[in-house]
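Visitor: Shown below is the structure under consideration.
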2 protein chains.
Amino acid sequence: MSEFANLPSQELTKYRADLRARYEAYRGRGLKLDMTRGKPGSDQLDLTNELLSNLAPSDIKGRDGSDVRNYGGLDGLPEMKAIFGEMLSAPADQVVIGGNSSLQIMHDSVVRALLHGVVGGQGPWFSQRPKFLCLVPGYDRHFAICQHHGIEMINVELTPEGPDMDRIEALVAADASIKGLWCVPKYSNPTGTTYSSSTVERLALMKTAAADFRIFWDNAYVVHDLYDATDPLDDILAACAKAGNPNRVYVFGSTSKISFAGAGVAAMAASPQNVADIKQHLSFQTIGPDKVNQLRHCRLFKNMDGVRAHMKKHAAVIRPKFEAVISQFDKDLAGKGIADWTRPRGGYFISLNTLDGCAAEVIRMADAAGVKLTSAGATFPYGKDPRDRNIRVAPTLPPLAQVELAMEVVCCCVELVSAERLLASKA
Amino acid sequence: MSEFANLPSQELTKYRADLRARYEAYRGRGLKLDMTRGKPGSDQLDLTNELLSNLAPSDIKGRDGSDVRNYGGLDGLPEMKAIFGEMLSAPADQVVIGGNSSLQIMHDSVVRALLHGVVGGQGPWFSQRPKFLCLVPGYDRHFAICQHHGIEMINVELTPEGPDMDRIEALVAADASIKGLWCVPKYSNPTGTTYSSSTVERLALMKTAAADFRIFWDNAYVVHDLYDATDPLDDILAACAKAGNPNRVYVFGSTSKISFAGAGVAAMAASPQNVADIKQHLSFQTIGPDKVNQLRHCRLFKNMDGVRAHMKKHAAVIRPKFEAVISQFDKDLAGKGIADWTRPRGGYFISLNTLDGCAAEVIRMADAAGVKLTSAGATFPYGKDPRDRNIRVAPTLPPLAQVELAMEVVCCCVELVSAERLLASKA
């Protein structure tokens, strides 16, 4: 079929009738499919069931001799820091281990900055009306942290080649109240974009009006390749150090989508000065993170080679789901001029763009037919997608057959909503 | 021996020479004994080693059907909430489960109040120059949270009968910037005091100038009895509700000194309105606490009867250490008018008061003889003990023989420093 916009109205009207019939047929099936969140499936969780019982009473000491069951170890076990150091491209002593949630570490980092400021700054951000740059489409929970704490957000386009660096450079140079930038630099949520070398370098080098500007580098999918060849990503900590801006970046990571999503280990890495600052704050916040769980993870994975080998098992489970989504889009939507979509080589999401003004309606119709998608606008600050076109597809949780069926329904909705809009605009 | 103050100078001088000789003998032994922190001993940690491996791949679902390994469950598993509900005297749906550290939950609660205020308040405490009342002697980490965040602290005496309620009532009625009060209501750190019924009632009923006053009720030792008979403690949540001040109190607890100190489960309980507020904030902070560890704990303890039975095993391990400390004090210090000490029936600490102006010197001398005690002043805000007399003794970590030896040394130091002071004042 050629592009919808080029079809004679009569032909498109006829096709719409087919689509309506197909949609009603789906609706009659009483489906209940959930494609909303980037959760691993239970088959993925099964891959690390060893964590449930891999420590023995005779194996409760860290490499530093500490009894992992007792208090202490504010920044984590040395062997856990070594693994995250390699994962996040940082020396182990520039790693701080947290609890089970990297979101919590990011939130904490924002809160510390609000109440106390950061290294190189002029005190609490709270009273400085801070703003953050947000790459769009992006991760709703990053944006929610800002919104919750009254941090104004400014949208910057994430192009298929990476962030719009010209715009970022112009904004941060001009406005000292722009204090931060949220990034998911590898297999970005939801587009799957990995930042180019030039992007990383420009982020490290750019002149910021705020002396205490921070990049929140959420490297959530650093080892989450779907294929043998990884998307290469440059080392932002090294780039910032080389650029003379060593304190510019906070790097975050976790095993949430490596081991158990809700019971993994999270960590952050930063410059020595930043790490010293963070640890000083942490000493008031907690007596230390769960070292037993850290040791479980260290015993299971041993090192980053172990992590990488393990990620191939995840890829084998979820790659077919990603490919099912993309091949359904290719089959039903290609060449019709009504949508485009990404082809991630890793991560947890696929991003689908409809015609402007159609995403919310597609999501509503899919929901009415029993297919839940991430809510409209979720990938934008304040939940507002200015062009109402982005849909985040999260294919990992449901079984493959459900992913296939859900995508049939979604494609039908995209076609139907597009046809309706085009016909309405011609009328 | 009679009171030092009543001894003829000559006699006291002679006794001081004996003490000096004994002290030098201890010093010559190259001791290395650590009585600084309230950490459980490894024999206590061994009591819950089952937690290392008590979940099987076939046993990974909570009562609500959730896969504990995956994301979700912002406020915890229902079965974990049920146990903490009973522990903290709250309905299960008024419990919010956290990570491994109640200190972290308390810190978070203060931070939320600073940035957003609390139910019934007038916005962020940050800009209201908040003050907290601190019962002294008390828990250094409570005080450290306030100091770190610039919250002014006002000392209020914790008498052997409980907090000085007359003073608390007068202070909170007069000053609207007094926003909070730190309490360890049962087997208080470090005195072992348990608040009377009348104290709990007055705390619930008192008129506070601040509409958003909060009691931070750290019930850390709620089930930590050393003897079969417990010190009874009234239900503060019920008392506040009855008094018409349902939102006045945040109750905290954890299994840190029940299961693994560094890998337990922490929780808070509060009024329905407070809990709704807390959950709303939490939804921005984390995707949820570690449910795998919660399920491990639920499987091990089953219910509060299980917890209580388990605590008897802890008591059997640590009671002899408490009794060793107290009997050493009784033997070496009683009747001499140079010290008094508490006789806790639970908790983790014994509080020793020397003559005014002697504590820091006792701690210094004990350290020089190889016995580390909690630093001088630690039990007071800003690390300043105005009478320089309080010493916190933490008997749980070292083996019994070391506790006995350490206390011999400490008693010798107390006697020697007291003798020196009295002789100097007579000279």
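Chain identifiers are assigned as A, B, and so on, following the order in which chains appear in the structure tokens; residues are numbered from 1 within each chain, and ligands are numbered from 1 in order of appearance.
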Show me, as number ranges by chain, the residues that have an atom within 9 Å of range 56-67 of chain A when counting only C-alpha atoms, minus same-chain residues fewer than 4 positions from it.
Guide: A: 71-73, 77-79, 291-292, 295; B: 42, 46, 49-50, 52-53
Visitor: Kindly save the residues from that selection, with N, CA, C and O atoms included, as a PDB file, in the first residue's frame.
Guide:
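Output below, filename part19.pdb:
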```
ATOM      1  N   TYR A  71      26.635  -4.297  60.513  1.00  0.00           N
ATOM      2  CA  TYR A  71      26.674  -2.900  60.089  1.00  0.00           C
ATOM      3  C   TYR A  71      28.007  -2.592  59.416  1.00  0.00           C
ATOM      4  O   TYR A  71      28.998  -3.292  59.619  1.00  0.00           O
ATOM      5  N   GLY A  72      28.037  -1.479  58.686  1.00  0.00           N
ATOM      6  CA  GLY A  72      29.306  -0.968  58.163  1.00  0.00           C
ATOM      7  C   GLY A  72      29.362  -1.008  56.651  1.00  0.00           C
ATOM      8  O   GLY A  72      28.439  -1.466  55.977  1.00  0.00           O
ATOM      9  N   GLY A  73      30.461  -0.498  56.124  1.00  0.00           N
ATOM     10  CA  GLY A  73      30.654  -0.532  54.678  1.00  0.00           C
ATOM     11  C   GLY A  73      29.796   0.488  53.969  1.00  0.00           C
ATOM     12  O   GLY A  73      29.011   0.152  53.072  1.00  0.00           O
ATOM     13  N   LEU A  77      31.032  -3.106  49.345  1.00  0.00           N
ATOM     14  CA  LEU A  77      32.139  -4.061  49.385  1.00  0.00           C
ATOM     15  C   LEU A  77      33.131  -3.766  48.269  1.00  0.00           C
ATOM     16  O   LEU A  77      32.730  -3.436  47.157  1.00  0.00           O
ATOM     17  N   PRO A  78      34.416  -3.939  48.537  1.00  0.00           N
ATOM     18  CA  PRO A  78      35.425  -3.688  47.491  1.00  0.00           C
ATOM     19  C   PRO A  78      35.173  -4.501  46.219  1.00  0.00           C
ATOM     20  O   PRO A  78      35.331  -3.978  45.111  1.00  0.00           O
ATOM     21  N   GLU A  79      34.757  -5.761  46.375  1.00  0.00           N
ATOM     22  CA  GLU A  79      34.565  -6.579  45.169  1.00  0.00           C
ATOM     23  C   GLU A  79      33.358  -6.111  44.356  1.00  0.00           C
ATOM     24  O   GLU A  79      33.329  -6.245  43.137  1.00  0.00           O
ATOM     25  N   LYS A 291      25.084  -5.334  52.368  1.00  0.00           N
ATOM     26  CA  LYS A 291      26.287  -5.998  51.855  1.00  0.00           C
ATOM     27  C   LYS A 291      26.061  -7.482  51.581  1.00  0.00           C
ATOM     28  O   LYS A 291      26.796  -8.080  50.799  1.00  0.00           O
ATOM     29  N   VAL A 292      25.070  -8.070  52.236  1.00  0.00           N
ATOM     30  CA  VAL A 292      24.788  -9.479  51.965  1.00  0.00           C
ATOM     31  C   VAL A 292      24.372  -9.634  50.509  1.00  0.00           C
ATOM     32  O   VAL A 292      24.860 -10.508  49.793  1.00  0.00           O
ATOM     33  N   LEU A 295      27.334  -9.308  48.250  1.00  0.00           N
ATOM     34  CA  LEU A 295      28.181 -10.505  48.184  1.00  0.00           C
ATOM     35  C   LEU A 295      27.519 -11.592  47.334  1.00  0.00           C
ATOM     36  O   LEU A 295      28.193 -12.280  46.566  1.00  0.00           O
TER      37      LEU A 295
ATOM     38  N   SER B  42      28.925 -11.693  66.217  1.00  0.00           N
ATOM     39  CA  SER B  42      28.714 -12.651  65.124  1.00  0.00           C
ATOM     40  C   SER B  42      27.882 -13.842  65.594  1.00  0.00           C
ATOM     41  O   SER B  42      27.172 -14.453  64.802  1.00  0.00           O
ATOM     42  N   ASP B  46      24.676 -15.198  63.613  1.00  0.00           N
ATOM     43  CA  ASP B  46      24.517 -16.609  63.247  1.00  0.00           C
ATOM     44  C   ASP B  46      23.088 -17.109  63.480  1.00  0.00           C
ATOM     45  O   ASP B  46      22.653 -18.061  62.832  1.00  0.00           O
ATOM     46  N   ASN B  49      21.154 -17.161  60.214  1.00  0.00           N
ATOM     47  CA  ASN B  49      21.833 -17.570  58.982  1.00  0.00           C
ATOM     48  C   ASN B  49      20.906 -18.240  57.970  1.00  0.00           C
ATOM     49  O   ASN B  49      21.205 -18.267  56.780  1.00  0.00           O
ATOM     50  N   GLU B  50      19.801 -18.722  58.465  1.00  0.00           N
ATOM     51  CA  GLU B  50      18.808 -19.306  57.562  1.00  0.00           C
ATOM     52  C   GLU B  50      18.407 -18.336  56.442  1.00  0.00           C
ATOM     53  O   GLU B  50      18.052 -18.752  55.333  1.00  0.00           O
ATOM     54  N   LEU B  52      20.153 -16.686  54.638  1.00  0.00           N
ATOM     55  CA  LEU B  52      21.065 -16.743  53.493  1.00  0.00           C
ATOM     56  C   LEU B  52      20.517 -17.636  52.390  1.00  0.00           C
ATOM     57  O   LEU B  52      20.904 -17.499  51.232  1.00  0.00           O
ATOM     58  N   SER B  53      19.641 -18.553  52.740  1.00  0.00           N
ATOM     59  CA  SER B  53      19.253 -19.548  51.722  1.00  0.00           C
ATOM     60  C   SER B  53      17.847 -20.080  51.906  1.00  0.00           C
ATOM     61  O   SER B  53      17.543 -21.173  51.463  1.00  0.00           O
TER      62      SER B  53
END
```
Visitor: Could you work out which residues of chain B fall inside 6 Å of chain A? Count only C-alpha atoms, and format the result as number ranges by chain.
Guide: B: 52-53, 55, 69-71, 103-104, 107, 145, 260-263, 284-286, 290
Visitor: Write out as a PyMOL selection string each polymer residue whose atoms come within 8 Å of Leu422 in chain A, counting only C-alpha atoms; drop sequence neighbours fewer than 4 positions from it.
Guide: chain A and resi 4-5+418+426
Visitor: Any chance you can output those residues with C-alpha atoms as a PDB file, in the first residue's frame?
Guide:
```
ATOM      1  CA  PHE A   4      -2.075   7.086   3.255  1.00  0.00           C
ATOM      2  CA  ALA A   5      -1.784  10.768   2.371  1.00  0.00           C
ATOM      3  CA  SER A 418      -4.211   7.793  11.021  1.00  0.00           C
ATOM      4  CA  LYS A 426      -9.688  16.152   3.813  1.00  0.00           C
TER       5      LYS A 426
END
```
Visitor: Running DSSP on the backbone, which parts of range 120-310 of chain A land in strand (DSSP E), as a ChimeraX atom specification?
Guide: /A:131-136,152-159,162-163,178-183,214-218,249-254,266-269
Visitor: Keeping only N, CA, C and O atoms, take the residues you just selected and write them out as a compact mmCIF listing (two decimals), in the first residue's frame.
Guide:
```txt
# COMPACT_ATOMS: atom_id res chain seq x y z
N LYS A 131 16.96 24.73 36.99
CA LYS A 131 16.30 24.12 35.82
C LYS A 131 17.12 22.93 35.34
O LYS A 131 18.33 22.91 35.52
N PHE A 132 16.46 21.98 34.73
CA PHE A 132 17.14 20.83 34.14
C PHE A 132 16.78 20.75 32.65
O PHE A 132 15.65 21.06 32.26
N LEU A 133 17.75 20.31 31.88
CA LEU A 133 17.48 19.96 30.48
C LEU A 133 17.05 18.50 30.43
O LEU A 133 17.64 17.65 31.09
N CYS A 134 16.02 18.25 29.64
CA CYS A 134 15.51 16.89 29.51
C CYS A 134 15.47 16.49 28.05
O CYS A 134 14.81 17.15 27.24
N LEU A 135 16.17 15.41 27.72
CA LEU A 135 16.15 14.92 26.34
C LEU A 135 14.83 14.22 26.10
O LEU A 135 14.40 13.40 26.93
N VAL A 136 14.20 14.57 24.98
CA VAL A 136 12.89 13.98 24.69
C VAL A 136 12.89 13.33 23.31
O VAL A 136 13.52 13.85 22.40
N GLU A 152 12.32 23.26 37.17
CA GLU A 152 11.76 23.51 35.83
C GLU A 152 12.50 22.68 34.79
O GLU A 152 13.73 22.56 34.83
N MET A 153 11.75 22.12 33.85
CA MET A 153 12.36 21.28 32.82
C MET A 153 12.25 21.93 31.45
O MET A 153 11.24 22.53 31.12
N ILE A 154 13.34 21.81 30.70
CA ILE A 154 13.39 22.35 29.35
C ILE A 154 13.63 21.19 28.39
O ILE A 154 14.61 20.45 28.53
N ASN A 155 12.74 21.02 27.43
CA ASN A 155 12.88 19.91 26.47
C ASN A 155 13.99 20.18 25.47
O ASN A 155 14.12 21.29 24.94
N VAL A 156 14.79 19.15 25.21
CA VAL A 156 15.77 19.19 24.12
C VAL A 156 15.58 17.90 23.33
O VAL A 156 15.49 16.82 23.90
N GLU A 157 15.54 18.05 22.04
CA GLU A 157 15.27 16.90 21.16
C GLU A 157 16.41 15.88 21.21
O GLU A 157 17.59 16.23 21.12
N LEU A 158 16.05 14.63 21.35
CA LEU A 158 17.00 13.54 21.14
C LEU A 158 16.79 13.07 19.71
O LEU A 158 15.76 12.46 19.40
N THR A 159 17.73 13.40 18.84
CA THR A 159 17.59 13.00 17.43
C THR A 159 18.07 11.56 17.28
O THR A 159 18.68 11.01 18.21
N GLY A 162 21.49 11.32 18.37
CA GLY A 162 21.85 11.68 19.75
C GLY A 162 21.25 13.02 20.10
O GLY A 162 20.45 13.59 19.34
N PRO A 163 21.62 13.55 21.26
CA PRO A 163 21.02 14.82 21.70
C PRO A 163 21.35 15.95 20.72
O PRO A 163 22.39 15.92 20.07
N ILE A 178 20.39 26.79 34.80
CA ILE A 178 20.33 25.42 34.27
C ILE A 178 21.44 24.62 34.96
O ILE A 178 22.62 24.81 34.70
N LYS A 179 21.00 23.74 35.84
CA LYS A 179 21.95 23.04 36.72
C LYS A 179 22.19 21.61 36.30
O LYS A 179 23.15 20.98 36.76
N GLY A 180 21.30 21.06 35.50
CA GLY A 180 21.44 19.63 35.24
C GLY A 180 20.87 19.20 33.91
O GLY A 180 20.14 19.94 33.25
N LEU A 181 21.23 17.98 33.55
CA LEU A 181 20.80 17.36 32.30
C LEU A 181 20.63 15.87 32.57
O LEU A 181 21.54 15.21 33.08
N TRP A 182 19.46 15.35 32.26
CA TRP A 182 19.23 13.91 32.38
C TRP A 182 19.65 13.21 31.09
O TRP A 182 19.23 13.65 30.01
N CYS A 183 20.41 12.16 31.19
CA CYS A 183 20.82 11.38 30.01
C CYS A 183 20.66 9.89 30.28
O CYS A 183 20.98 9.41 31.37
N ARG A 214 25.56 19.70 36.45
CA ARG A 214 25.76 18.26 36.58
C ARG A 214 25.01 17.50 35.48
O ARG A 214 23.81 17.74 35.26
N ILE A 215 25.72 16.59 34.85
CA ILE A 215 25.09 15.64 33.94
C ILE A 215 24.71 14.40 34.75
O ILE A 215 25.57 13.81 35.40
N PHE A 216 23.45 14.06 34.76
CA PHE A 216 23.00 12.83 35.42
C PHE A 216 22.98 11.73 34.37
O PHE A 216 22.05 11.63 33.58
N TRP A 217 24.04 10.95 34.35
CA TRP A 217 24.36 9.98 33.30
C TRP A 217 23.83 8.62 33.73
O TRP A 217 24.54 7.86 34.39
N ASP A 218 22.60 8.35 33.39
CA ASP A 218 21.95 7.12 33.84
C ASP A 218 22.27 6.00 32.87
O ASP A 218 21.54 5.76 31.91
N VAL A 249 30.00 15.23 36.00
CA VAL A 249 29.09 14.12 35.73
C VAL A 249 28.92 13.18 36.93
O VAL A 249 29.87 12.89 37.67
N TYR A 250 27.67 12.77 37.15
CA TYR A 250 27.34 11.66 38.05
C TYR A 250 26.91 10.49 37.17
O TYR A 250 25.97 10.63 36.38
N VAL A 251 27.55 9.35 37.32
CA VAL A 251 27.21 8.17 36.51
C VAL A 251 26.45 7.18 37.39
O VAL A 251 26.86 6.92 38.53
N PHE A 252 25.36 6.65 36.87
CA PHE A 252 24.53 5.72 37.64
C PHE A 252 24.39 4.39 36.91
O PHE A 252 24.39 4.35 35.68
N GLY A 253 24.27 3.35 37.67
CA GLY A 253 24.03 2.03 37.07
C GLY A 253 23.41 1.10 38.09
O GLY A 253 23.32 1.43 39.28
N SER A 254 22.95 -0.04 37.64
CA SER A 254 22.40 -1.01 38.57
C SER A 254 22.35 -2.38 37.92
O SER A 254 22.51 -2.51 36.71
N ALA A 266 22.47 -1.25 43.14
CA ALA A 266 22.64 -0.03 42.36
C ALA A 266 23.92 0.68 42.81
O ALA A 266 24.41 0.45 43.92
N ALA A 267 24.44 1.53 41.95
CA ALA A 267 25.69 2.22 42.28
C ALA A 267 25.80 3.52 41.52
O ALA A 267 25.08 3.74 40.54
N MET A 268 26.69 4.37 41.99
CA MET A 268 27.03 5.55 41.20
C MET A 268 28.55 5.70 41.16
O MET A 268 29.26 5.16 42.01
N ALA A 269 29.03 6.40 40.14
CA ALA A 269 30.46 6.67 40.02
C ALA A 269 30.62 8.15 39.69
O ALA A 269 29.75 8.76 39.05
```
Visitor: So that I can check the surroundings of Met87 in chain B, please list as a PyMOL selection string every protein, DNA and RNA residue that reaches within 12 Å of it, counting only C-alpha atoms and ignoring chain neighbours fewer than 6 positions away.
Guide: chain B and resi 80-81+95+219-224+233+235+251-255+258+266-269+303-308
Visitor: Keeping only N, CA, C and O atoms, write the selected residues as a short mmCIF file (atom, residue, chain, number, x, y, z; two decimals), in the first residue's frame.
Guide:
```
data_model
loop_
_atom_site.label_atom_id
_atom_site.label_comp_id
_atom_site.auth_asym_id
_atom_site.auth_seq_id
_atom_site.Cartn_x
_atom_site.Cartn_y
_atom_site.Cartn_z
N MET B 80 4.87 -8.67 55.22
CA MET B 80 5.89 -7.93 55.96
C MET B 80 5.23 -6.78 56.71
O MET B 80 5.58 -6.48 57.87
N LYS B 81 4.25 -6.14 56.07
CA LYS B 81 3.53 -5.06 56.73
C LYS B 81 2.75 -5.59 57.94
O LYS B 81 2.63 -4.90 58.96
N VAL B 95 1.49 0.86 57.60
CA VAL B 95 2.92 0.58 57.65
C VAL B 95 3.51 0.78 56.25
O VAL B 95 2.89 0.43 55.26
N ASN B 219 11.40 3.40 67.51
CA ASN B 219 11.17 2.25 68.40
C ASN B 219 12.14 1.11 68.05
O ASN B 219 11.73 -0.02 67.77
N ALA B 220 13.40 1.44 68.08
CA ALA B 220 14.45 0.52 67.63
C ALA B 220 14.54 -0.74 68.47
O ALA B 220 14.99 -1.77 67.99
N TYR B 221 14.13 -0.62 69.74
CA TYR B 221 14.33 -1.75 70.66
C TYR B 221 13.02 -2.31 71.18
O TYR B 221 12.95 -2.82 72.30
N VAL B 222 12.00 -2.21 70.36
CA VAL B 222 10.64 -2.56 70.77
C VAL B 222 10.52 -4.00 71.26
O VAL B 222 9.71 -4.28 72.15
N VAL B 223 11.28 -4.91 70.70
CA VAL B 223 11.19 -6.32 71.13
C VAL B 223 12.52 -6.80 71.69
O VAL B 223 12.78 -8.00 71.77
N HIS B 224 13.35 -5.86 72.12
CA HIS B 224 14.71 -6.21 72.50
C HIS B 224 14.86 -6.34 74.01
O HIS B 224 15.64 -5.64 74.65
N LEU B 233 5.25 -0.41 77.11
CA LEU B 233 5.26 0.90 76.47
C LEU B 233 3.90 1.13 75.83
O LEU B 233 3.43 0.29 75.06
N ASP B 235 0.95 2.66 73.38
CA ASP B 235 0.84 2.79 71.93
C ASP B 235 0.70 4.28 71.57
O ASP B 235 -0.34 4.89 71.76
N VAL B 251 6.43 6.61 63.48
CA VAL B 251 7.01 5.51 64.25
C VAL B 251 7.97 4.72 63.34
O VAL B 251 7.63 4.42 62.19
N PHE B 252 9.15 4.43 63.85
CA PHE B 252 10.15 3.72 63.06
C PHE B 252 10.57 2.42 63.74
O PHE B 252 10.60 2.34 64.98
N GLY B 253 10.92 1.45 62.93
CA GLY B 253 11.43 0.20 63.48
C GLY B 253 12.23 -0.55 62.43
O GLY B 253 12.24 -0.18 61.26
N SER B 254 12.91 -1.57 62.85
CA SER B 254 13.66 -2.39 61.89
C SER B 254 14.00 -3.73 62.49
O SER B 254 13.88 -3.93 63.70
N THR B 255 14.44 -4.62 61.63
CA THR B 255 14.92 -5.91 62.11
C THR B 255 16.44 -5.91 62.25
O THR B 255 17.06 -6.96 62.40
N ILE B 258 17.45 -7.71 65.00
CA ILE B 258 16.66 -8.93 65.12
C ILE B 258 17.25 -9.98 64.18
O ILE B 258 17.50 -11.11 64.55
N ALA B 266 13.64 -2.46 57.30
CA ALA B 266 13.21 -1.33 58.13
C ALA B 266 11.81 -0.90 57.70
O ALA B 266 11.37 -1.19 56.59
N ALA B 267 11.11 -0.20 58.59
CA ALA B 267 9.74 0.20 58.29
C ALA B 267 9.36 1.43 59.10
O ALA B 267 10.02 1.76 60.08
N MET B 268 8.31 2.09 58.65
CA MET B 268 7.73 3.13 59.48
C MET B 268 6.22 2.96 59.51
O MET B 268 5.63 2.32 58.64
N ALA B 269 5.61 3.52 60.55
CA ALA B 269 4.15 3.48 60.68
C ALA B 269 3.68 4.87 61.06
O ALA B 269 4.39 5.61 61.73
N ASN B 303 5.61 -14.65 61.95
CA ASN B 303 4.76 -13.63 62.57
C ASN B 303 5.48 -13.10 63.80
O ASN B 303 6.62 -13.48 64.06
N MET B 304 4.80 -12.25 64.56
CA MET B 304 5.46 -11.63 65.71
C MET B 304 5.78 -12.65 66.81
O MET B 304 6.74 -12.47 67.56
N ASP B 305 5.00 -13.71 66.89
CA ASP B 305 5.37 -14.75 67.86
C ASP B 305 6.75 -15.32 67.50
O ASP B 305 7.56 -15.59 68.38
N GLY B 306 6.96 -15.49 66.22
CA GLY B 306 8.26 -15.97 65.76
C GLY B 306 9.37 -14.99 66.10
O GLY B 306 10.47 -15.38 66.53
N VAL B 307 9.08 -13.71 65.92
CA VAL B 307 10.07 -12.69 66.26
C VAL B 307 10.38 -12.72 67.76
O VAL B 307 11.53 -12.71 68.18
N ARG B 308 9.32 -12.78 68.55
CA ARG B 308 9.52 -12.76 70.00
C ARG B 308 10.30 -13.98 70.49
O ARG B 308 11.19 -13.87 71.34
#
```
Visitor: Taking only C-alpha atoms into account, which of A:Gly120, A:Gln294, A:Val362, A:Met407 comes nearest Lys331 in chain A?
Guide: A:Met407
